[in-house]
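With PDB, N, CA and C atoms and all ligand atoms inside, this is protein-v8.pdb:
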ATOM      1  N   MET A  92       8.806   6.376  -2.161  1.00  0.00           N
ATOM      2  CA  MET A  92       7.949   5.424  -1.447  1.00  0.00           C
ATOM      3  C   MET A  92       6.946   4.784  -2.410  1.00  0.00           C
ATOM      4  N   PHE A  93       6.904   3.500  -2.425  1.00  0.00           N
ATOM      5  CA  PHE A  93       6.023   2.761  -3.316  1.00  0.00           C
ATOM      6  C   PHE A  93       4.612   2.721  -2.740  1.00  0.00           C
ATOM      7  N   MET A  94       3.631   3.154  -3.531  1.00  0.00           N
ATOM      8  CA  MET A  94       2.254   3.221  -3.048  1.00  0.00           C
ATOM      9  C   MET A  94       1.372   2.208  -3.786  1.00  0.00           C
ATOM     10  N   CYS A  95       0.167   2.032  -3.270  1.00  0.00           N
ATOM     11  CA  CYS A  95      -0.781   1.107  -3.907  1.00  0.00           C
ATOM     12  C   CYS A  95      -1.049   1.507  -5.357  1.00  0.00           C
ATOM     13  N   LYS A  96      -1.122   2.808  -5.601  1.00  0.00           N
ATOM     14  CA  LYS A  96      -1.381   3.247  -6.971  1.00  0.00           C
ATOM     15  C   LYS A  96      -0.191   2.932  -7.888  1.00  0.00           C
ATOM     16  N   ASP A  97       1.015   2.888  -7.319  1.00  0.00           N
ATOM     17  CA  ASP A  97       2.190   2.509  -8.107  1.00  0.00           C
ATOM     18  C   ASP A  97       2.123   1.039  -8.507  1.00  0.00           C
ATOM     19  N   LEU A  98       1.574   0.240  -7.600  1.00  0.00           N
ATOM     20  CA  LEU A  98       1.417  -1.172  -7.918  1.00  0.00           C
ATOM     21  C   LEU A  98       0.501  -1.342  -9.122  1.00  0.00           C
ATOM     22  N   VAL A  99      -0.562  -0.565  -9.157  1.00  0.00           N
ATOM     23  CA  VAL A  99      -1.479  -0.616 -10.294  1.00  0.00           C
ATOM     24  C   VAL A  99      -0.740  -0.229 -11.572  1.00  0.00           C
ATOM     25  N   GLU A 100       0.041   0.850 -11.480  1.00  0.00           N
ATOM     26  CA  GLU A 100       0.784   1.329 -12.648  1.00  0.00           C
ATOM     27  C   GLU A 100       1.768   0.285 -13.180  1.00  0.00           C
ATOM     28  N   ASN A 101       2.371  -0.479 -12.268  1.00  0.00           N
ATOM     29  CA  ASN A 101       3.438  -1.403 -12.657  1.00  0.00           C
ATOM     30  C   ASN A 101       2.985  -2.859 -12.782  1.00  0.00           C
ATOM     31  N   MET A 102       1.713  -3.078 -12.513  1.00  0.00           N
ATOM     32  CA  MET A 102       1.189  -4.444 -12.458  1.00  0.00           C
ATOM     33  C   MET A 102       1.430  -5.238 -13.742  1.00  0.00           C
ATOM     34  N   MET A 103       1.110  -4.620 -14.870  1.00  0.00           N
ATOM     35  CA  MET A 103       1.227  -5.347 -16.131  1.00  0.00           C
ATOM     36  C   MET A 103       2.687  -5.694 -16.443  1.00  0.00           C
ATOM     37  N   ASP A 104       3.588  -4.745 -16.185  1.00  0.00           N
ATOM     38  CA  ASP A 104       5.007  -5.019 -16.407  1.00  0.00           C
ATOM     39  C   ASP A 104       5.511  -6.089 -15.446  1.00  0.00           C
ATOM     40  N   TYR A 105       4.962  -6.070 -14.236  1.00  0.00           N
ATOM     41  CA  TYR A 105       5.334  -7.084 -13.251  1.00  0.00           C
ATOM     42  C   TYR A 105       4.931  -8.466 -13.746  1.00  0.00           C
ATOM     43  N   ILE A 106       3.708  -8.565 -14.242  1.00  0.00           N
ATOM     44  CA  ILE A 106       3.208  -9.843 -14.770  1.00  0.00           C
ATOM     45  C   ILE A 106       4.053 -10.282 -15.968  1.00  0.00           C
ATOM     46  N   ASP A 107       4.464  -9.328 -16.781  1.00  0.00           N
ATOM     47  CA  ASP A 107       5.269  -9.633 -17.964  1.00  0.00           C
ATOM     48  C   ASP A 107       6.749  -9.828 -17.655  1.00  0.00           C
ATOM     49  N   ASN A 108       7.120  -9.663 -16.381  1.00  0.00           N
ATOM     50  CA  ASN A 108       8.529  -9.726 -15.979  1.00  0.00           C
ATOM     51  C   ASN A 108       9.372  -8.688 -16.706  1.00  0.00           C
ATOM     52  N   GLU A 109       8.812  -7.514 -16.866  1.00  0.00           N
ATOM     53  CA  GLU A 109       9.523  -6.469 -17.598  1.00  0.00           C
ATOM     54  C   GLU A 109       9.962  -5.309 -16.706  1.00  0.00           C
ATOM     55  N   LEU A 110       9.826  -5.499 -15.404  1.00  0.00           N
ATOM     56  CA  LEU A 110      10.251  -4.432 -14.496  1.00  0.00           C
ATOM     57  C   LEU A 110      11.766  -4.450 -14.315  1.00  0.00           C
ATOM     58  N   ASP A 111      12.335  -3.256 -14.126  1.00  0.00           N
ATOM     59  CA  ASP A 111      13.746  -3.230 -13.775  1.00  0.00           C
ATOM     60  C   ASP A 111      13.896  -3.669 -12.312  1.00  0.00           C
ATOM     61  N   MET A 112      15.102  -4.075 -11.939  1.00  0.00           N
ATOM     62  CA  MET A 112      15.340  -4.648 -10.622  1.00  0.00           C
ATOM     63  C   MET A 112      14.869  -3.759  -9.475  1.00  0.00           C
ATOM     64  N   ARG A 113      15.121  -2.464  -9.607  1.00  0.00           N
ATOM     65  CA  ARG A 113      14.805  -1.550  -8.529  1.00  0.00           C
ATOM     66  C   ARG A 113      13.290  -1.470  -8.299  1.00  0.00           C
ATOM     67  N   THR A 114      12.549  -1.326  -9.399  1.00  0.00           N
ATOM     68  CA  THR A 114      11.095  -1.262  -9.302  1.00  0.00           C
ATOM     69  C   THR A 114      10.539  -2.583  -8.787  1.00  0.00           C
ATOM     70  N   LEU A 115      11.109  -3.679  -9.260  1.00  0.00           N
ATOM     71  CA  LEU A 115      10.676  -4.998  -8.825  1.00  0.00           C
ATOM     72  C   LEU A 115      10.855  -5.158  -7.316  1.00  0.00           C
ATOM     73  N   GLU A 116      12.004  -4.731  -6.814  1.00  0.00           N
ATOM     74  CA  GLU A 116      12.253  -4.808  -5.371  1.00  0.00           C
ATOM     75  C   GLU A 116      11.256  -3.959  -4.591  1.00  0.00           C
ATOM     76  N   GLU A 117      11.012  -2.753  -5.087  1.00  0.00           N
ATOM     77  CA  GLU A 117      10.060  -1.856  -4.417  1.00  0.00           C
ATOM     78  C   GLU A 117       8.666  -2.484  -4.393  1.00  0.00           C
ATOM     79  N   LEU A 118       8.281  -3.049  -5.522  1.00  0.00           N
ATOM     80  CA  LEU A 118       6.954  -3.654  -5.626  1.00  0.00           C
ATOM     81  C   LEU A 118       6.826  -4.835  -4.659  1.00  0.00           C
ATOM     82  N   GLU A 119       7.844  -5.683  -4.624  1.00  0.00           N
ATOM     83  CA  GLU A 119       7.759  -6.861  -3.772  1.00  0.00           C
ATOM     84  C   GLU A 119       7.845  -6.476  -2.299  1.00  0.00           C
ATOM     85  N   LYS A 120       8.590  -5.426  -2.007  1.00  0.00           N
ATOM     86  CA  LYS A 120       8.651  -4.921  -0.640  1.00  0.00           C
ATOM     87  C   LYS A 120       7.270  -4.414  -0.224  1.00  0.00           C
ATOM     88  N   HIS A 121       6.639  -3.691  -1.136  1.00  0.00           N
ATOM     89  CA  HIS A 121       5.313  -3.154  -0.829  1.00  0.00           C
ATOM     90  C   HIS A 121       4.295  -4.271  -0.598  1.00  0.00           C
ATOM     91  N   THR A 122       4.299  -5.294  -1.465  1.00  0.00           N
ATOM     92  CA  THR A 122       3.320  -6.370  -1.311  1.00  0.00           C
ATOM     93  C   THR A 122       3.575  -7.176  -0.041  1.00  0.00           C
ATOM     94  N   SER A 123       4.825  -7.204   0.436  1.00  0.00           N
ATOM     95  CA  SER A 123       5.104  -7.922   1.672  1.00  0.00           C
ATOM     96  C   SER A 123       4.595  -7.148   2.885  1.00  0.00           C
ATOM     97  N   GLU A 124       4.381  -5.838   2.702  1.00  0.00           N
ATOM     98  CA  GLU A 124       3.938  -5.001   3.820  1.00  0.00           C
ATOM     99  C   GLU A 124       2.478  -4.595   3.708  1.00  0.00           C
ATOM    100  N   CYS A 125       1.897  -4.780   2.536  1.00  0.00           N
ATOM    101  CA  CYS A 125       0.524  -4.339   2.298  1.00  0.00           C
ATOM    102  C   CYS A 125      -0.359  -5.538   1.942  1.00  0.00           C
ATOM    103  N   PRO A 126      -1.151  -6.013   2.902  1.00  0.00           N
ATOM    104  CA  PRO A 126      -1.990  -7.205   2.663  1.00  0.00           C
ATOM    105  C   PRO A 126      -2.946  -7.034   1.498  1.00  0.00           C
ATOM    106  N   GLU A 127      -3.451  -5.834   1.307  1.00  0.00           N
ATOM    107  CA  GLU A 127      -4.399  -5.602   0.215  1.00  0.00           C
ATOM    108  C   GLU A 127      -3.750  -5.836  -1.136  1.00  0.00           C
ATOM    109  N   CYS A 128      -2.560  -5.285  -1.305  1.00  0.00           N
ATOM    110  CA  CYS A 128      -1.868  -5.448  -2.588  1.00  0.00           C
ATOM    111  C   CYS A 128      -1.400  -6.890  -2.787  1.00  0.00           C
ATOM    112  N   ARG A 129      -0.992  -7.528  -1.693  1.00  0.00           N
ATOM    113  CA  ARG A 129      -0.556  -8.920  -1.812  1.00  0.00           C
ATOM    114  C   ARG A 129      -1.718  -9.789  -2.276  1.00  0.00           C
ATOM    115  N   ALA A 130      -2.860  -9.592  -1.660  1.00  0.00           N
ATOM    116  CA  ALA A 130      -4.058 -10.345  -2.050  1.00  0.00           C
ATOM    117  C   ALA A 130      -4.421 -10.056  -3.491  1.00  0.00           C
ATOM    118  N   PHE A 131      -4.249  -8.803  -3.871  1.00  0.00           N
ATOM    119  CA  PHE A 131      -4.586  -8.400  -5.232  1.00  0.00           C
ATOM    120  C   PHE A 131      -3.673  -9.072  -6.258  1.00  0.00           C
ATOM    121  N   VAL A 132      -2.364  -9.043  -5.991  1.00  0.00           N
ATOM    122  CA  VAL A 132      -1.402  -9.664  -6.909  1.00  0.00           C
ATOM    123  C   VAL A 132      -1.648 -11.162  -7.010  1.00  0.00           C
ATOM    124  N   ASP A 133      -1.909 -11.801  -5.856  1.00  0.00           N
ATOM    125  CA  ASP A 133      -2.175 -13.248  -5.843  1.00  0.00           C
ATOM    126  C   ASP A 133      -3.402 -13.583  -6.682  1.00  0.00           C
ATOM    127  N   THR A 134      -4.457 -12.823  -6.469  1.00  0.00           N
ATOM    128  CA  THR A 134      -5.702 -13.051  -7.204  1.00  0.00           C
ATOM    129  C   THR A 134      -5.491 -12.863  -8.697  1.00  0.00           C
ATOM    130  N   TYR A 135      -4.772 -11.808  -9.025  1.00  0.00           N
ATOM    131  CA  TYR A 135      -4.537 -11.481 -10.424  1.00  0.00           C
ATOM    132  C   TYR A 135      -3.710 -12.560 -11.128  1.00  0.00           C
ATOM    133  N   LYS A 136      -2.645 -12.993 -10.461  1.00  0.00           N
ATOM    134  CA  LYS A 136      -1.797 -14.044 -11.024  1.00  0.00           C
ATOM    135  C   LYS A 136      -2.573 -15.336 -11.218  1.00  0.00           C
ATOM    136  N   ARG A 137      -3.385 -15.678 -10.205  1.00  0.00           N
ATOM    137  CA  ARG A 137      -4.166 -16.906 -10.270  1.00  0.00           C
ATOM    138  C   ARG A 137      -5.154 -16.843 -11.441  1.00  0.00           C
ATOM    139  N   MET A 138      -5.753 -15.686 -11.600  1.00  0.00           N
ATOM    140  CA  MET A 138      -6.702 -15.496 -12.692  1.00  0.00           C
ATOM    141  C   MET A 138      -6.014 -15.710 -14.041  1.00  0.00           C
ATOM    142  N   LEU A 139      -4.825 -15.140 -14.192  1.00  0.00           N
ATOM    143  CA  LEU A 139      -4.089 -15.292 -15.448  1.00  0.00           C
ATOM    144  C   LEU A 139      -3.676 -16.740 -15.674  1.00  0.00           C
ATOM    145  N   GLU A 140      -3.260 -17.407 -14.596  1.00  0.00           N
ATOM    146  CA  GLU A 140      -2.845 -18.803 -14.720  1.00  0.00           C
ATOM    147  C   GLU A 140      -4.028 -19.683 -15.099  1.00  0.00           C
ATOM    148  N   LEU A 141      -5.156 -19.417 -14.481  1.00  0.00           N
ATOM    149  CA  LEU A 141      -6.364 -20.199 -14.751  1.00  0.00           C
ATOM    150  C   LEU A 141      -6.786 -20.089 -16.204  1.00  0.00           C
ATOM    151  N   THR A 142      -6.686 -18.889 -16.741  1.00  0.00           N
ATOM    152  CA  THR A 142      -7.114 -18.696 -18.120  1.00  0.00           C
ATOM    153  C   THR A 142      -5.997 -19.011 -19.106  1.00  0.00           C
ATOM    154  N   GLY A 143      -4.790 -19.294 -18.578  1.00  0.00           N
ATOM    155  CA  GLY A 143      -3.670 -19.628 -19.438  1.00  0.00           C
ATOM    156  C   GLY A 143      -3.095 -18.427 -20.162  1.00  0.00           C
ATOM    157  N   LYS A 144      -3.545 -17.235 -19.761  1.00  0.00           N
ATOM    158  CA  LYS A 144      -3.126 -16.036 -20.473  1.00  0.00           C
ATOM    159  C   LYS A 144      -1.690 -15.621 -20.137  1.00  0.00           C
ATOM    160  N   LEU A 145      -1.187 -16.123 -19.023  1.00  0.00           N
ATOM    161  CA  LEU A 145       0.161 -15.753 -18.602  1.00  0.00           C
ATOM    162  C   LEU A 145       1.196 -16.157 -19.650  1.00  0.00           C
ATOM    163  N   LYS A 146       0.921 -17.240 -20.356  1.00  0.00           N
ATOM    164  CA  LYS A 146       1.875 -17.740 -21.343  1.00  0.00           C
ATOM    165  C   LYS A 146       1.638 -17.129 -22.724  1.00  0.00           C
ATOM    166  N   ASP A 147       0.450 -16.588 -22.911  1.00  0.00           N
ATOM    167  CA  ASP A 147       0.089 -16.043 -24.211  1.00  0.00           C
ATOM    168  C   ASP A 147       0.243 -14.528 -24.214  1.00  0.00           C
ATOM    169  N   ARG A 148       1.417 -14.057 -24.563  1.00  0.00           N
ATOM    170  CA  ARG A 148       1.711 -12.632 -24.478  1.00  0.00           C
ATOM    171  C   ARG A 148       0.930 -11.814 -25.506  1.00  0.00           C
ATOM    172  N   SER A 149       0.549 -12.438 -26.579  1.00  0.00           N
ATOM    173  CA  SER A 149      -0.174 -11.701 -27.608  1.00  0.00           C
ATOM    174  C   SER A 149      -1.548 -11.262 -27.117  1.00  0.00           C
ATOM    175  N   PHE A 150      -1.981 -11.910 -26.038  1.00  0.00           N
ATOM    176  CA  PHE A 150      -3.276 -11.559 -25.449  1.00  0.00           C
ATOM    177  C   PHE A 150      -3.276 -10.130 -24.915  1.00  0.00           C
ATOM    178  N   VAL A 151      -2.129  -9.693 -24.398  1.00  0.00           N
ATOM    179  CA  VAL A 151      -2.075  -8.393 -23.738  1.00  0.00           C
ATOM    180  C   VAL A 151      -1.720  -7.298 -24.744  1.00  0.00           C
ATOM    181  N   THR A 152      -2.723  -6.852 -25.453  1.00  0.00           N
ATOM    182  CA  THR A 152      -2.555  -5.727 -26.371  1.00  0.00           C
ATOM    183  C   THR A 152      -2.556  -4.428 -25.578  1.00  0.00           C
ATOM    184  N   PRO A 153      -2.021  -3.348 -26.169  1.00  0.00           N
ATOM    185  CA  PRO A 153      -2.032  -2.046 -25.464  1.00  0.00           C
ATOM    186  C   PRO A 153      -3.429  -1.649 -25.019  1.00  0.00           C
ATOM    187  N   GLU A 154      -4.410  -1.955 -25.826  1.00  0.00           N
ATOM    188  CA  GLU A 154      -5.788  -1.612 -25.474  1.00  0.00           C
ATOM    189  C   GLU A 154      -6.234  -2.368 -24.219  1.00  0.00           C
ATOM    190  N   ILE A 155      -5.918  -3.646 -24.170  1.00  0.00           N
ATOM    191  CA  ILE A 155      -6.285  -4.448 -22.997  1.00  0.00           C
ATOM    192  C   ILE A 155      -5.530  -3.959 -21.768  1.00  0.00           C
ATOM    193  N   ARG A 156      -4.266  -3.603 -21.956  1.00  0.00           N
ATOM    194  CA  ARG A 156      -3.487  -3.042 -20.846  1.00  0.00           C
ATOM    195  C   ARG A 156      -4.201  -1.844 -20.233  1.00  0.00           C
ATOM    196  N   GLU A 157      -4.616  -0.925 -21.099  1.00  0.00           N
ATOM    197  CA  GLU A 157      -5.264   0.297 -20.610  1.00  0.00           C
ATOM    198  C   GLU A 157      -6.564  -0.028 -19.892  1.00  0.00           C
ATOM    199  N   ARG A 158      -7.313  -0.978 -20.425  1.00  0.00           N
ATOM    200  CA  ARG A 158      -8.573  -1.351 -19.791  1.00  0.00           C
ATOM    201  C   ARG A 158      -8.329  -2.028 -18.456  1.00  0.00           C
ATOM    202  N   LEU A 159      -7.303  -2.862 -18.386  1.00  0.00           N
ATOM    203  CA  LEU A 159      -6.970  -3.508 -17.121  1.00  0.00           C
ATOM    204  C   LEU A 159      -6.525  -2.478 -16.092  1.00  0.00           C
ATOM    205  N   LYS A 160      -5.697  -1.531 -16.541  1.00  0.00           N
ATOM    206  CA  LYS A 160      -5.234  -0.477 -15.642  1.00  0.00           C
ATOM    207  C   LYS A 160      -6.405   0.281 -15.038  1.00  0.00           C
ATOM    208  N   ALA A 161      -7.348   0.641 -15.881  1.00  0.00           N
ATOM    209  CA  ALA A 161      -8.525   1.363 -15.408  1.00  0.00           C
ATOM    210  C   ALA A 161      -9.299   0.521 -14.402  1.00  0.00           C
ATOM    211  N   LEU A 162      -9.380  -0.773 -14.700  1.00  0.00           N
ATOM    212  CA  LEU A 162     -10.076  -1.682 -13.791  1.00  0.00           C
ATOM    213  C   LEU A 162      -9.344  -1.770 -12.450  1.00  0.00           C
ATOM    214  N   LEU A 163      -8.034  -1.922 -12.519  1.00  0.00           N
ATOM    215  CA  LEU A 163      -7.243  -2.038 -11.293  1.00  0.00           C
ATOM    216  C   LEU A 163      -7.367  -0.779 -10.439  1.00  0.00           C
ATOM    217  N   LYS A 164      -7.315   0.365 -11.104  1.00  0.00           N
ATOM    218  CA  LYS A 164      -7.419   1.635 -10.379  1.00  0.00           C
ATOM    219  C   LYS A 164      -8.738   1.745  -9.655  1.00  0.00           C
ATOM    220  N   SER A 165      -9.796   1.224 -10.258  1.00  0.00           N
ATOM    221  CA  SER A 165     -11.106   1.306  -9.622  1.00  0.00           C
ATOM    222  C   SER A 165     -11.208   0.335  -8.447  1.00  0.00           C
ATOM    223  N   LYS A 166     -10.347  -0.694  -8.430  1.00  0.00           N
ATOM    224  CA  LYS A 166     -10.419  -1.702  -7.373  1.00  0.00           C
ATOM    225  C   LYS A 166      -9.578  -1.305  -6.152  1.00  0.00           C
ATOM    226  N   ILE A 167      -8.460  -0.639  -6.408  1.00  0.00           N
ATOM    227  CA  ILE A 167      -7.564  -0.280  -5.302  1.00  0.00           C
ATOM    228  C   ILE A 167      -7.752   1.185  -4.923  1.00  0.00           C
ATOM    229  N   LYS A 168      -7.973   1.399  -3.669  1.00  0.00           N
ATOM    230  CA  LYS A 168      -8.099   2.775  -3.219  1.00  0.00           C
ATOM    231  C   LYS A 168      -6.712   3.339  -2.907  1.00  0.00           C
ATOM    232  N   PRO A 169      -6.461   4.580  -3.315  1.00  0.00           N
ATOM    233  CA  PRO A 169      -5.149   5.175  -3.033  1.00  0.00           C
ATOM    234  C   PRO A 169      -4.928   5.288  -1.538  1.00  0.00           C
ATOM    235  N   CYS A 170      -3.721   4.959  -1.090  1.00  0.00           N
ATOM    236  CA  CYS A 170      -3.441   5.088   0.341  1.00  0.00           C
ATOM    237  C   CYS A 170      -2.016   5.575   0.563  1.00  0.00           C
TER     238      CYS A 170
HETATM  239 ZN    ZN A 201      -0.674  -1.472  -1.189  1.00  0.00          ZN
END
Could you write out this structure as structure tokens?
Ligand SMILES: [Zn+2]
Amino acid sequence: MFMCKDLVENMMDYIDNELDMRTLEELEKHTSECPECRAFVDTYKRMLELTGKLKDRSFVTPEIRERLKALLKSKIKPC
């Protein structure tokens, strides 16, 4: 069962289009059923698009990934 905390774990790979098909399906199924995660993904994508970072992969260093993960975890409550 895909949980909100799993979305946080897979968020960066999702943005990078690096998820395998099965995980991608689970994630998209979850966001279609969980308004909080859907809003979160939308906000996150919009933020990346606004800053143009979505196209600049070099921006996402492992260090930034870890910091983003920590940030995401603090924003989403486990459910
Ligand atoms: Zn959720």
Practice prompt. Quote the spacing between CA of Lys164 (chain A) and CA of Met112 (chain A) in Å to one decimal place.
Written response: 23.6 Å
Fill in: Result set, the PyMOL selection byres (((not hetatm)) within 6 of (chain A and resi 201)) on current file, as a ChimeraX atom specification
/A:94-95,121,125,127-128
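We find CA of Asp111 (chain A) and CA of Leu162 (chain A) to be spaced 23.9 Å apart.
The spacing separating atom C of Ser165 (chain A) from atom N of Arg113 (chain A) amounts to 26.5 Å.
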Worksheet item: Could you pull the residues within 12 Å of Phe131 (chain A), counting only C-alpha atoms, minus those fewer than 2 positions along the same chain, as a PyMOL selection string?
Response: chain A and resi 95+98-99+102+122-123+125-129+133-138+163-164+166-168
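Here the question is which of A:Val132, A:Met92, A:Ala161, A:Leu141 gets nearest to Ile106 (chain A) using only C-alpha atoms, and that residue is A:Val132.
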Worksheet item: What residues in region 97-161 of chain A get the DSSP label alpha helix (DSSP H)? Please answer as a ChimeraX atom specification.
Response: /A:97-106,112-124,126-142,153-161
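If you measure from each of A:Met103, A:Lys96, A:Glu124, A:Lys160 to Leu139 (chain A) using only C-alpha atoms, the closest one turns out to be A:Met103.
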